[in-house]
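Below is target.tsv, holding TSV, C-alpha atoms.
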```tsv
chain	number	residue	atom	x	y	z
A	1	MET	CA	93.61	124.47	53.00
A	2	ASN	CA	91.00	122.46	54.94
A	3	ARG	CA	93.67	120.04	56.15
A	4	LEU	CA	95.52	122.69	58.22
A	5	PRO	CA	93.17	122.67	61.24
A	6	SER	CA	93.30	118.87	61.31
A	7	LEU	CA	97.09	118.87	61.18
A	8	LEU	CA	97.31	121.46	63.94
A	9	LEU	CA	94.88	119.47	66.08
A	10	ALA	CA	96.90	116.29	65.56
A	11	ALA	CA	100.13	118.06	66.49
A	12	ALA	CA	98.52	119.52	69.60
A	13	SER	CA	97.23	116.10	70.61
A	14	LEU	CA	100.72	114.65	70.32
A	15	LEU	CA	102.15	117.40	72.50
A	16	ILE	CA	99.42	116.99	75.11
A	17	GLY	CA	99.92	113.22	75.14
A	18	ALA	CA	103.67	113.60	75.58
A	19	ALA	CA	103.21	116.05	78.44
A	20	ALA	CA	100.64	113.84	80.15
A	21	SER	CA	102.85	110.78	79.99
A	22	ALA	CA	105.97	112.51	81.32
A	23	GLY	CA	107.00	113.04	84.92
A	24	THR	CA	106.83	109.52	86.36
A	25	LEU	CA	109.19	110.49	89.19
A	26	ASP	CA	106.96	113.42	90.16
A	27	GLN	CA	103.91	111.14	90.09
A	28	VAL	CA	105.64	108.58	92.31
A	29	LYS	CA	106.70	111.28	94.79
A	30	ALA	CA	103.18	112.76	94.88
A	31	ARG	CA	101.66	109.34	95.44
A	32	GLY	CA	104.15	108.55	98.18
A	33	SER	CA	105.00	105.09	96.90
A	34	LEU	CA	106.33	103.18	93.90
A	35	ILE	CA	104.08	100.72	92.08
A	36	CYS	CA	106.13	97.80	90.81
A	37	GLY	CA	104.77	95.13	88.49
A	38	SER	CA	105.91	91.74	89.80
A	39	ASN	CA	105.59	88.03	89.24
A	40	VAL	CA	102.49	86.41	90.71
A	41	GLY	CA	104.87	84.15	92.64
A	42	LEU	CA	108.31	82.80	91.73
A	43	ALA	CA	110.63	81.68	94.52
A	44	GLY	CA	113.86	83.64	94.60
A	45	PHE	CA	112.53	86.44	92.41
A	46	ALA	CA	109.12	87.58	93.70
A	47	LEU	CA	107.10	85.66	96.27
A	48	PRO	CA	105.20	86.75	99.42
A	49	ASP	CA	106.25	84.94	102.60
A	50	ASP	CA	103.86	83.60	105.26
A	51	GLN	CA	103.35	87.14	106.58
A	52	GLY	CA	102.61	88.51	103.10
A	53	VAL	CA	105.99	90.26	102.80
A	54	TRP	CA	107.32	90.16	99.25
A	55	LYS	CA	110.83	88.75	98.85
A	56	GLY	CA	113.16	88.01	95.94
A	57	LEU	CA	115.78	89.40	93.60
A	58	ASP	CA	113.26	91.36	91.53
A	59	VAL	CA	111.56	92.54	94.72
A	60	ASP	CA	114.85	93.92	96.03
A	61	GLU	CA	115.42	95.78	92.75
A	62	CYS	CA	112.01	97.41	93.28
A	63	ARG	CA	112.85	98.22	96.88
A	64	ALA	CA	116.14	99.77	95.73
A	65	ILE	CA	114.19	102.25	93.58
A	66	ALA	CA	111.93	103.14	96.50
A	67	ALA	CA	114.97	103.57	98.75
A	68	ALA	CA	116.67	105.88	96.24
A	69	ILE	CA	113.58	108.07	95.94
A	70	PHE	CA	112.18	108.08	99.47
A	71	GLY	CA	115.00	106.74	101.63
A	72	ASP	CA	112.54	103.98	102.58
A	73	PRO	CA	112.50	100.59	100.80
A	74	ALA	CA	109.05	99.85	102.19
A	75	LYS	CA	107.41	102.58	100.10
A	76	VAL	CA	106.61	100.23	97.23
A	77	LYS	CA	103.43	98.41	96.29
A	78	PHE	CA	103.65	95.18	94.31
A	79	LEU	CA	101.12	94.39	91.59
A	80	PRO	CA	101.28	90.71	90.54
A	81	ILE	CA	100.97	90.38	86.77
A	82	ASN	CA	100.48	87.32	84.56
A	83	ALA	CA	102.94	86.94	81.68
A	84	LYS	CA	100.49	87.73	78.89
A	85	ASP	CA	99.30	90.95	80.57
A	86	ARG	CA	102.74	92.55	81.01
A	87	PRO	CA	102.81	94.86	77.94
A	88	THR	CA	99.27	96.19	78.34
A	89	ILE	CA	99.53	96.86	82.08
A	90	LEU	CA	102.86	98.65	81.70
A	91	ALA	CA	101.47	100.76	78.85
A	92	SER	CA	98.30	101.57	80.80
A	93	GLY	CA	100.19	103.39	83.55
A	94	GLU	CA	98.91	101.08	86.30
A	95	ILE	CA	102.53	100.43	87.28
A	96	ASP	CA	105.61	102.64	87.30
A	97	VAL	CA	108.09	99.91	86.43
A	98	LEU	CA	107.90	96.23	85.50
A	99	ILE	CA	110.48	94.04	87.25
A	100	ARG	CA	109.11	90.57	86.63
A	101	ASN	CA	111.70	88.15	85.18
A	102	THR	CA	110.90	89.47	81.70
A	103	THR	CA	113.14	88.79	78.70
A	104	TRP	CA	114.46	91.78	76.76
A	105	THR	CA	113.49	91.24	73.10
A	106	LEU	CA	113.23	93.39	69.98
A	107	SER	CA	109.49	92.88	69.59
A	108	ARG	CA	108.78	93.88	73.20
A	109	GLU	CA	110.94	96.98	72.99
A	110	ALA	CA	109.44	97.98	69.63
A	111	ALA	CA	106.00	97.64	71.24
A	112	GLY	CA	106.90	100.16	73.94
A	113	MET	CA	108.54	98.16	76.74
A	114	PHE	CA	111.87	99.97	77.19
A	115	PHE	CA	114.36	97.76	79.05
A	116	THR	CA	116.79	99.59	81.30
A	117	GLY	CA	119.33	96.78	81.56
A	118	VAL	CA	119.78	93.18	82.70
A	119	ASP	CA	119.43	92.24	86.35
A	120	TYR	CA	119.68	88.50	85.65
A	121	TYR	CA	121.23	86.69	82.69
A	122	ASP	CA	119.26	83.52	82.10
A	123	GLY	CA	118.51	80.89	79.47
A	124	GLN	CA	115.68	78.45	78.84
A	125	GLY	CA	115.97	74.82	79.87
A	126	PHE	CA	113.93	71.68	80.48
A	127	MET	CA	113.05	69.64	83.56
A	128	VAL	CA	111.96	65.98	83.49
A	129	ARG	CA	111.35	63.17	85.94
A	130	LYS	CA	114.44	61.09	86.61
A	131	LYS	CA	112.49	57.90	85.98
A	132	LEU	CA	111.98	59.00	82.37
A	133	GLY	CA	115.64	58.14	81.78
A	134	VAL	CA	116.29	61.24	79.66
A	135	ASP	CA	119.64	62.98	80.11
A	136	SER	CA	119.45	65.44	77.21
A	137	ALA	CA	116.84	67.71	75.66
A	138	LEU	CA	117.81	66.14	72.32
A	139	LYS	CA	116.06	62.97	73.53
A	140	LEU	CA	112.68	64.68	73.96
A	141	ASP	CA	111.43	63.89	70.44
A	142	GLY	CA	107.69	63.23	70.67
A	143	ALA	CA	107.44	64.44	74.28
A	144	SER	CA	104.62	66.48	75.72
A	145	VAL	CA	105.91	69.72	77.24
A	146	CYS	CA	104.15	72.00	79.74
A	147	ILE	CA	104.60	75.68	78.76
A	148	GLN	CA	103.21	78.98	79.98
A	149	GLN	CA	101.22	80.98	77.46
A	150	GLY	CA	102.33	84.39	76.20
A	151	THR	CA	106.03	83.95	76.97
A	152	THR	CA	109.23	83.74	74.96
A	153	THR	CA	109.41	80.20	76.37
A	154	GLU	CA	106.61	79.15	74.04
A	155	LEU	CA	108.41	80.50	70.96
A	156	ASN	CA	111.85	79.20	71.96
A	157	ALA	CA	110.57	75.66	72.48
A	158	ALA	CA	108.99	75.63	69.01
A	159	ASP	CA	112.23	76.92	67.47
A	160	TYR	CA	114.37	74.37	69.32
A	161	PHE	CA	112.35	71.32	68.30
A	162	ARG	CA	112.04	72.54	64.73
A	163	ALA	CA	115.77	73.28	64.44
A	164	HIS	CA	116.61	69.75	65.59
A	165	GLY	CA	114.05	68.00	63.43
A	166	MET	CA	112.01	66.84	66.42
A	167	LYS	CA	108.32	66.91	67.21
A	168	PHE	CA	106.67	67.73	70.51
A	169	GLU	CA	103.23	68.33	71.95
A	170	PRO	CA	102.98	71.75	73.63
A	171	VAL	CA	100.55	71.73	76.56
A	172	VAL	CA	99.89	75.41	77.23
A	173	PHE	CA	98.52	77.07	80.37
A	174	ALA	CA	97.65	80.69	81.17
A	175	THR	CA	99.66	80.98	84.38
A	176	ASP	CA	102.95	79.65	85.68
A	177	ASP	CA	101.22	78.08	88.70
A	178	GLU	CA	98.87	76.11	86.44
A	179	THR	CA	101.81	75.01	84.30
A	180	VAL	CA	103.82	73.70	87.25
A	181	LYS	CA	100.84	71.91	88.78
A	182	ALA	CA	100.08	70.23	85.46
A	183	TYR	CA	103.66	68.99	85.14
A	184	ASP	CA	103.72	67.78	88.75
A	185	SER	CA	100.48	65.85	88.22
A	186	GLY	CA	101.99	63.98	85.27
A	187	ARG	CA	100.13	65.84	82.53
A	188	CYS	CA	103.39	66.39	80.61
A	189	ASP	CA	106.69	64.59	80.11
A	190	ALA	CA	108.71	67.79	80.55
A	191	TYR	CA	108.41	71.33	81.83
A	192	THR	CA	110.24	74.23	80.20
A	193	THR	CA	110.95	77.77	81.34
A	194	ASP	CA	114.00	79.90	82.22
A	195	ALA	CA	116.63	77.81	84.02
A	196	SER	CA	116.32	79.98	87.13
A	197	GLY	CA	112.59	79.27	87.15
A	198	LEU	CA	113.17	75.54	86.84
A	199	TYR	CA	115.30	75.49	89.99
A	200	ALA	CA	112.81	77.71	91.81
A	201	GLU	CA	109.70	75.80	90.75
A	202	ARG	CA	111.28	72.41	91.52
A	203	LEU	CA	111.01	73.35	95.20
A	204	LYS	CA	107.21	73.40	94.83
A	205	LEU	CA	106.93	69.86	93.46
A	206	ALA	CA	105.60	67.02	95.58
A	207	ALA	CA	108.97	65.21	95.36
A	208	PRO	CA	111.64	67.69	94.19
A	209	ASP	CA	114.45	65.12	94.24
A	210	ASP	CA	112.60	63.00	91.66
A	211	HIS	CA	113.19	65.64	89.00
A	212	VAL	CA	116.27	66.77	87.11
A	213	VAL	CA	117.09	69.88	85.08
A	214	LEU	CA	118.61	68.86	81.73
A	215	PRO	CA	121.98	70.37	80.76
A	216	GLU	CA	120.96	72.18	77.57
A	217	ILE	CA	120.31	75.91	77.60
A	218	ILE	CA	118.41	76.65	74.41
A	219	SER	CA	118.11	80.43	74.42
A	220	LYS	CA	119.39	83.77	75.65
A	221	GLU	CA	117.07	85.22	78.28
A	222	PRO	CA	118.36	88.60	79.48
A	223	LEU	CA	115.89	89.50	82.22
A	224	GLY	CA	115.50	93.06	83.38
A	225	PRO	CA	113.31	96.01	84.36
A	226	SER	CA	111.24	97.80	81.74
A	227	VAL	CA	109.51	101.18	81.70
A	228	ARG	CA	107.33	103.10	79.27
A	229	LYS	CA	109.13	104.85	76.44
A	230	ASP	CA	107.79	108.33	77.15
A	231	ASP	CA	109.95	109.39	80.12
A	232	VAL	CA	113.72	109.57	79.60
A	233	GLN	CA	114.46	110.75	83.14
A	234	TRP	CA	112.59	107.80	84.66
A	235	PHE	CA	114.35	105.39	82.28
A	236	GLN	CA	117.73	106.72	83.41
A	237	LEU	CA	116.79	106.60	87.08
A	238	VAL	CA	115.79	102.92	86.95
A	239	GLN	CA	118.84	102.11	84.82
A	240	TRP	CA	121.37	103.74	87.13
A	241	ILE	CA	119.89	102.25	90.27
A	242	HIS	CA	120.86	98.80	89.00
A	243	PHE	CA	124.26	100.15	87.96
A	244	ALA	CA	124.73	101.48	91.50
A	245	LEU	CA	124.02	98.03	92.95
A	246	VAL	CA	126.68	96.51	90.67
A	247	THR	CA	129.17	99.33	91.33
A	248	ALA	CA	128.76	98.86	95.07
A	249	GLU	CA	129.70	95.20	94.73
A	250	GLU	CA	132.68	96.10	92.52
A	251	ASP	CA	133.91	98.55	95.15
A	252	GLY	CA	133.31	96.20	98.07
A	253	VAL	CA	130.61	98.41	99.58
A	254	THR	CA	128.18	96.27	101.57
A	255	LYS	CA	125.27	96.83	103.89
A	256	SER	CA	127.46	95.99	106.88
A	257	ASN	CA	130.47	98.20	106.05
A	258	LEU	CA	128.56	101.10	104.50
A	259	GLU	CA	129.18	103.60	107.30
A	260	ASP	CA	132.92	102.89	107.30
A	261	LYS	CA	133.04	103.30	103.51
A	262	LEU	CA	131.75	106.86	103.90
A	263	LYS	CA	135.22	107.66	105.27
A	264	SER	CA	137.03	106.05	102.33
A	265	ASP	CA	139.65	107.98	100.37
A	266	ASN	CA	138.75	106.04	97.21
A	267	PRO	CA	137.30	108.67	94.81
A	268	GLU	CA	135.05	106.11	93.11
A	269	ILE	CA	133.49	105.09	96.42
A	270	ARG	CA	133.12	108.72	97.47
A	271	ARG	CA	131.26	109.52	94.23
A	272	LEU	CA	129.06	106.43	94.61
A	273	LEU	CA	128.01	107.31	98.16
A	274	GLY	CA	127.51	111.02	97.46
A	275	VAL	CA	130.43	112.24	99.56
A	276	GLU	CA	131.84	113.96	96.45
A	277	GLY	CA	130.03	115.35	93.43
A	278	LYS	CA	126.35	115.90	92.72
A	279	PHE	CA	125.51	112.86	90.66
A	280	GLY	CA	122.01	112.43	92.05
A	281	GLU	CA	120.83	115.75	90.64
A	282	GLY	CA	120.75	114.55	87.03
A	283	LEU	CA	118.43	111.71	88.07
A	284	GLY	CA	116.14	113.91	90.14
A	285	LEU	CA	117.43	112.31	93.34
A	286	SER	CA	119.37	113.40	96.39
A	287	ASN	CA	123.15	112.97	96.12
A	288	ASP	CA	123.14	110.15	98.67
A	289	TRP	CA	120.81	108.05	96.47
A	290	ALA	CA	123.23	105.13	96.15
A	291	TYR	CA	123.99	105.23	99.88
A	292	ARG	CA	120.25	104.88	100.51
A	293	ILE	CA	120.09	101.88	98.18
A	294	VAL	CA	122.93	99.93	99.79
A	295	LYS	CA	121.67	100.76	103.28
A	296	ALA	CA	118.28	99.30	102.34
A	297	VAL	CA	119.09	96.19	100.29
A	298	GLY	CA	122.87	95.79	100.08
A	299	ASN	CA	124.82	95.48	96.83
A	300	TYR	CA	123.99	93.30	93.81
A	301	GLY	CA	126.02	90.35	95.10
A	302	GLU	CA	124.23	90.44	98.45
A	303	ILE	CA	120.85	90.57	96.72
A	304	PHE	CA	121.78	87.63	94.49
A	305	GLU	CA	123.16	85.41	97.23
A	306	ARG	CA	120.31	85.73	99.71
A	307	ASN	CA	117.57	85.29	97.11
A	308	VAL	CA	118.81	82.79	94.53
A	309	GLY	CA	122.47	82.06	95.34
A	310	GLU	CA	124.29	79.57	97.52
A	311	ALA	CA	122.85	81.15	100.68
A	312	SER	CA	119.29	80.53	99.45
A	313	PRO	CA	117.24	77.30	99.12
A	314	ILE	CA	117.55	77.58	95.32
A	315	LYS	CA	121.38	77.56	95.32
A	316	ILE	CA	122.06	78.89	91.82
A	317	LYS	CA	125.72	79.61	91.03
A	318	ARG	CA	126.60	83.16	89.95
A	319	GLY	CA	127.73	82.04	86.48
A	320	LEU	CA	126.97	84.75	83.92
A	321	ASN	CA	125.66	86.92	86.73
A	322	ALA	CA	129.06	87.26	88.35
A	323	LEU	CA	130.85	90.57	87.99
A	324	TRP	CA	132.73	91.14	84.74
A	325	SER	CA	135.96	91.04	86.76
A	326	GLN	CA	135.08	87.52	87.92
A	327	GLY	CA	134.15	86.01	84.56
A	328	GLY	CA	130.53	87.14	84.45
A	329	LEU	CA	128.54	89.74	82.52
A	330	GLN	CA	127.43	92.12	85.27
A	331	TYR	CA	129.10	95.41	84.36
A	332	ALA	CA	128.30	99.01	85.24
A	333	PRO	CA	129.41	102.25	83.56
A	334	PRO	CA	131.35	104.58	85.88
A	335	ILE	CA	129.67	107.13	88.13
A	336	ARG	CA	131.69	110.25	87.40
```
Once more with this new file: its structure as structure tokens, please.
Amino acid sequence: MNRLPSLLLAAASLLIGAAASAGTLDQVKARGSLICGSNVGLAGFALPDDQGVWKGLDVDECRAIAAAIFGDPAKVKFLPINAKDRPTILASGEIDVLIRNTTWTLSREAAGMFFTGVDYYDGQGFMVRKKLGVDSALKLDGASVCIQQGTTTELNAADYFRAHGMKFEPVVFATDDETVKAYDSGRCDAYTTDASGLYAERLKLAAPDDHVVLPEIISKEPLGPSVRKDDVQWFQLVQWIHFALVTAEEDGVTKSNLEDKLKSDNPEIRRLLGVEGKFGEGLGLSNDWAYRIVKAVGNYGEIFERNVGEASPIKIKRGLNALWSQGGLQYAPPIR
């Protein structure tokens, strides 16, 4: 009998907590801006330029959300977050969404980081100095390896060396910047992180051409946005904004031809741009939400090319990040 009040109190607390944690879209609208958790600085993905303007693939995904909500890609604030702090800061409510080259894993999702999809398919690799004479990661037995703390990189490296009967000396640092500087100073024989990061960070080295990325990819690193698990509408909104970017590329809708595409007879394009149907309503957005996105940042292919692709200093090939129709994995469900 005495347990009933306690049970009722516990149930009420759960309901209050659920109500308090819901309504992210309403909170963002009331605030007047999106708060996006970002990398502290990774070329091609999230890095302020000389004027302090954030640029990169992840940055553009954040701006796409702001454009869909407000019609203004500038209504977003970026909060740089170190790798080890990602789960706690997302859970705390300090940010609305985390788009920070973060790998989708079971343990992270079980801990409350709900991934909405994959904006970049990656895999972990190794970089060494050319003078070391190493042309394969299988020749790194006994090497010292610079690694960032609190990342899947740390776990993958241990698994790789163990699986191949090799030993290595992990030299661990709290931040990516510290890790890269340590490798550049000669503290380690090799540096390991996602392959995209290797190409990006090589640009920071004192003599980039003296270093080579080894051919082995030792892991699957599906990188994507994550949100808290307590708001289904917000999850769907972030998810479908990426799908809209991919769909726009599939349909040939670009920033430059957007206005002409509004006159298209193609029913798929008309649904995408809000000319037909009311597909924004289910997301809590206006029906021209995807039009706003493309007008602000272009389609997924445009975002990729200017930030990390052949048109950028990093020059990464599309590879797995090409559209499914071109041999890649980028694929979006239909808007209908």
Using all atoms listed in the file, the best pick from A:Trp104, A:Val97, A:Thr193, A:Val212 as closest to Leu155 (chain A) would be A:Thr193
Select all residues near (109.9, 76.2, 89.7) (cut-off 10 Å, inclusive, file coordinates), counting only C-alpha atoms, and output them as a compact mmCIF listing (two decimals) with C-alpha atoms, in the frame of the given file.
```txt
# COMPACT_ATOMS: atom_id res chain seq x y z
CA GLY A 41 104.87 84.15 92.64
CA LEU A 42 108.31 82.80 91.73
CA ALA A 43 110.63 81.68 94.52
CA GLY A 44 113.86 83.64 94.60
CA MET A 127 113.05 69.64 83.56
CA ASP A 176 102.95 79.65 85.68
CA ASP A 177 101.22 78.08 88.70
CA THR A 179 101.81 75.01 84.30
CA VAL A 180 103.82 73.70 87.25
CA TYR A 191 108.41 71.33 81.83
CA THR A 192 110.24 74.23 80.20
CA THR A 193 110.95 77.77 81.34
CA ASP A 194 114.00 79.90 82.22
CA ALA A 195 116.63 77.81 84.02
CA SER A 196 116.32 79.98 87.13
CA GLY A 197 112.59 79.27 87.15
CA LEU A 198 113.17 75.54 86.84
CA TYR A 199 115.30 75.49 89.99
CA ALA A 200 112.81 77.71 91.81
CA GLU A 201 109.70 75.80 90.75
CA ARG A 202 111.28 72.41 91.52
CA LEU A 203 111.01 73.35 95.20
CA LYS A 204 107.21 73.40 94.83
CA LEU A 205 106.93 69.86 93.46
CA PRO A 208 111.64 67.69 94.19
CA ILE A 314 117.55 77.58 95.32
```
CA of Leu214 (chain A) to CA of Tyr183 (chain A), distance in Å rounded to a single decimal |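 For CA of Leu214 (chain A) relative to CA of Tyr183 (chain A), the distance reads 15.3 Å.
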Kindly list the centre and edge lengths in Å, rounded to one decimal, for the axis-aligned box that covers all listed atoms of region 69-75 of chain A plus 8 Å on each of its six sides, as lines of an AutoDock Vina configuration file.
```
center_x = 111.2
center_y = 104.0
center_z = 99.3
size_x = 23.6
size_y = 24.2
size_z = 22.6
```
Nearby residues (all atoms listed in the file) at most 6 Å from Tyr291 (chain A), same-chain spacing under 3 positions excluded, as a VMD selection string | chain A and resid 273 288 294
Only C-alpha atoms, please: the residues just picked out, written as a compact mmCIF listing (two decimals), in the frame of the given file.
```txt
# COMPACT_ATOMS: atom_id res chain seq x y z
CA LEU A 273 128.01 107.31 98.16
CA ASP A 288 123.14 110.15 98.67
CA VAL A 294 122.93 99.93 99.79
```
Skipping near chain neighbours, those fewer than 4 positions away, what residues fall within 10 Å of Glu109 (chain A) using all atoms listed in the file, listed as a VMD selection string?
-> chain A and resid 87 104 to 105 113 to 115 226 to 229
Pick the closest to Pro48 (chain A) from A:Leu79, A:Asp72, A:Val172, A:Ile335: which is it, counting only C-alpha atoms?
->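 So, comparing all the options, the nearest one is A:Leu79.
Candidate residues A:Asp58, A:Glu249, A:Asp141, A:Glu268 were compared for distance to Phe168 (chain A), and the nearest is A:Asp141, using only C-alpha atoms.
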May I ask for the distance between CA of Ile293 (chain A) and CA of Ala67 (chain A), given in Å to one decimal place?
-> 5.4 Å
Top pick for closest residue to Ile316 (chain A), considering A:Trp234, A:Ser185, A:Phe161, A:Tyr120 and counting only C-alpha atoms |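 Ranked by minimum distance to Ile316 (chain A), first place goes to A:Tyr120.
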Take CA of Val275 (chain A) and CA of Asp96 (chain A) and report the distance between them in Å, one decimal.
->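 Taking CA of Val275 (chain A) and CA of Asp96 (chain A), their separation equals 29.3 Å.
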